[in-house]
file start_25.txt (compact mmCIF, C-alpha atoms)
# COMPACT_ATOMS: atom_id res chain seq x y z
CA MET A 451 111.81 80.19 140.37
CA SER A 452 114.38 81.51 138.00
CA ALA A 453 115.46 85.11 137.57
CA ASN A 454 113.42 85.34 134.36
CA ASP A 455 110.24 84.28 136.20
CA ILE A 456 110.80 86.86 138.91
CA LEU A 457 111.51 89.56 136.33
CA PHE A 458 108.35 88.59 134.46
CA LEU A 459 106.23 88.84 137.64
CA ILE A 460 107.72 92.24 138.46
CA LEU A 461 106.97 93.44 134.92
CA ILE A 462 103.36 92.22 135.14
CA GLY A 463 102.99 93.97 138.51
CA LEU A 464 104.34 97.25 137.13
CA LEU A 465 102.03 97.04 134.11
CA PHE A 466 99.07 96.44 136.42
CA ILE A 467 99.96 99.45 138.58
CA ALA A 468 100.42 101.62 135.49
CA ALA A 469 97.04 100.50 134.14
CA VAL A 470 95.29 101.25 137.45
CA ILE A 471 96.77 104.74 137.54
CA PHE A 472 96.82 105.85 133.90
CA ILE A 473 93.73 104.29 132.31
CA PRO A 474 91.20 106.17 134.53
CA GLN A 475 93.08 109.43 133.89
CA TRP A 476 93.06 108.77 130.15
CA MET A 477 89.32 107.98 130.21
CA LEU A 478 88.65 111.17 132.17
CA MET A 479 90.51 113.34 129.66
CA ARG A 480 88.79 111.53 126.81
CA ASN A 481 85.37 112.50 128.21
CA VAL A 482 86.12 116.21 128.75
CA PRO A 483 85.32 117.10 125.10
CA LYS A 484 82.12 115.06 125.34
CA VAL A 485 80.97 117.08 128.37
CA ILE A 486 81.78 120.34 126.57
CA LYS A 487 79.81 119.14 123.54
CA ILE A 488 76.81 118.20 125.73
CA MET A 489 76.83 121.61 127.38
CA ARG A 490 76.93 123.36 124.01
CA GLN A 491 74.16 121.18 122.57
CA LYS A 492 71.94 121.94 125.57
CA ASN A 493 72.85 125.66 125.26
CA ALA A 494 74.36 125.85 128.75
CA VAL A 495 76.83 128.52 127.63
CA GLY A 496 76.92 131.71 129.66
CA GLU A 497 75.36 132.50 132.99
CA GLU A 498 72.02 133.52 131.46
CA ASN A 499 71.60 130.04 129.90
CA ALA A 500 72.73 128.02 132.94
CA LYS A 501 71.08 124.62 133.44
CA PHE A 502 70.77 122.18 136.31
CA ILE A 503 73.06 119.14 136.22
CA ASP A 504 70.02 116.86 135.86
CA GLU A 505 68.95 118.71 132.70
CA LEU A 506 72.37 118.07 131.17
CA GLY A 507 72.38 114.37 132.11
CA LEU A 508 75.72 114.67 133.91
CA GLN A 509 74.65 113.61 137.40
CA PRO A 510 76.39 110.55 138.85
CA LYS A 511 74.46 107.30 138.51
CA SER A 512 73.06 105.51 141.52
CA MET A 513 74.84 102.46 142.89
CA PHE A 514 72.16 100.19 141.42
CA GLN A 515 72.56 101.73 137.95
CA ARG A 516 76.35 101.43 138.17
CA MET A 517 76.13 97.71 138.93
CA PHE A 518 74.56 96.91 135.57
CA ALA A 519 76.18 99.48 133.26
CA ARG A 520 79.60 100.32 131.95
CA ARG A 521 81.51 102.95 133.85
CA ASP A 522 80.62 106.47 132.76
CA TYR A 523 83.42 109.00 133.14
CA LYS A 524 81.33 112.03 132.12
CA PRO A 525 80.37 112.96 135.72
CA GLN A 526 84.05 112.85 136.71
CA ALA A 527 84.99 114.91 133.64
CA PHE A 528 82.27 117.41 134.60
CA GLN A 529 83.69 117.67 138.14
CA PHE A 530 87.17 118.18 136.65
CA LEU A 531 85.86 121.05 134.49
CA LEU A 532 84.09 122.54 137.51
CA ARG A 533 87.31 122.51 139.55
CA ALA A 534 89.21 124.02 136.60
CA THR A 535 86.58 126.86 136.41
CA ILE A 536 85.79 126.01 132.80
CA VAL A 537 82.32 125.15 134.06
CA GLU A 538 80.95 127.50 136.69
CA MET A 539 78.00 127.28 139.06
CA THR A 540 75.42 129.96 139.82
CA ASP A 541 73.96 130.69 143.26
CA GLU A 542 70.88 128.58 142.40
CA GLY A 543 73.03 125.53 141.65
CA LYS A 544 72.83 125.81 137.88
CA VAL A 545 75.96 125.28 135.80
CA TYR A 546 77.23 126.82 132.58
CA LEU A 547 80.22 126.69 130.30
CA ASN A 548 82.51 129.69 130.67
CA GLU A 549 83.81 130.23 127.12
CA GLN A 550 86.48 132.74 128.18
CA ASN A 551 88.08 130.25 130.57
CA LEU A 552 87.71 127.50 127.98
CA MET A 553 89.71 129.52 125.44
CA ARG A 554 92.72 129.40 127.78
CA THR A 555 92.84 125.59 127.77
CA ARG A 556 93.90 122.89 125.37
CA TRP A 557 90.24 122.30 124.51
CA SER A 558 89.82 125.79 123.05
CA ASN A 559 89.50 124.45 119.50
CA LEU A 560 86.41 122.32 120.26
call {"tool": "encode", "arguments": {"input": "start_25.txt", "output": "structure tokens"}}
result
Amino acid sequence: MSANDILFLILIGLLFIAAVIFIPQWMLMRNVPKVIKIMRQKNAVGEENAKFIDELGLQPKSMFQRMFARRDYKPQAFQFLLRATIVEMTDEGKVYLNEQNLMRTRWSNL
């Protein structure tokens, strides 16, 4: 193998590693506005209008459903928003969009 072949293989390996790391992160951030839109459409804004995750359609799919469907990043985006306290959970397990915390983020203009 020549030096060009080795360099090409290293480049392909680096591109693969970059794709494995950055594409899921990009897809997650792309679905955050979709989750916010779903919560607003279902009127899950404010603690008094909190809804269960099932009502919003943001629950993770079962393994059987995942085998025959494209990957859905909305449940991961929902979990990201929950950890960032943009989405909060009540004592009963209902969730709602916290508009005040949302206004402090880069998605405030949605």
call {"tool": "closest_residue", "arguments": {"input": "start_25.txt", "among": "A:Thr540, A:Asn454, A:Gln475, A:Gln550", "to": "A:Tyr523", "atoms": "only C-alpha atoms"}}
result
A:Gln475
call {"tool": "axis_aligned_box", "arguments": {"input": "start_25.txt", "around": "stretch 462-469 of chain A", "padding_each_side": "8 Å", "output": "lines of an AutoDock Vina configuration file"}}
result
center_x = 100.7
center_y = 96.9
center_z = 136.3
size_x = 23.3
size_y = 25.4
size_z = 20.5
call {"tool": "closest_residue", "arguments": {"input": "start_25.txt", "among": "A:Gln491, A:Gln529, A:Asn481, A:Asn551", "to": "A:Glu505", "atoms": "all atoms listed in the file"}}
result
A:Gln491
call {"tool": "residues_around", "arguments": {"input": "start_25.txt", "residues": "A:Asn499", "least_positions_apart": "2", "cutoff": "10 Å", "atoms": "all atoms listed in the file", "output": "number ranges by chain"}}
result
A: 492-497, 501, 544-547
call {"tool": "atom_distance", "arguments": {"input": "start_25.txt", "atom1": "atom CA of A:Ile486", "atom2": "atom CA of A:Phe518"}}
result
26.1 Å
call {"tool": "residues_around", "arguments": {"input": "start_25.txt", "residues": "A:Arg480", "least_positions_apart": "4", "cutoff": "10 Å", "atoms": "all atoms listed in the file", "output": "list in words"}}
result
Pro474, Gln475, Trp476, Lys484, Val485, Tyr523, Lys524 and Ala527 of chain A
call {"tool": "atom_distance", "arguments": {"input": "start_25.txt", "atom1": "atom CA of A:Gly543", "atom2": "atom CA of A:Ser558"}}
result
25.1 Å
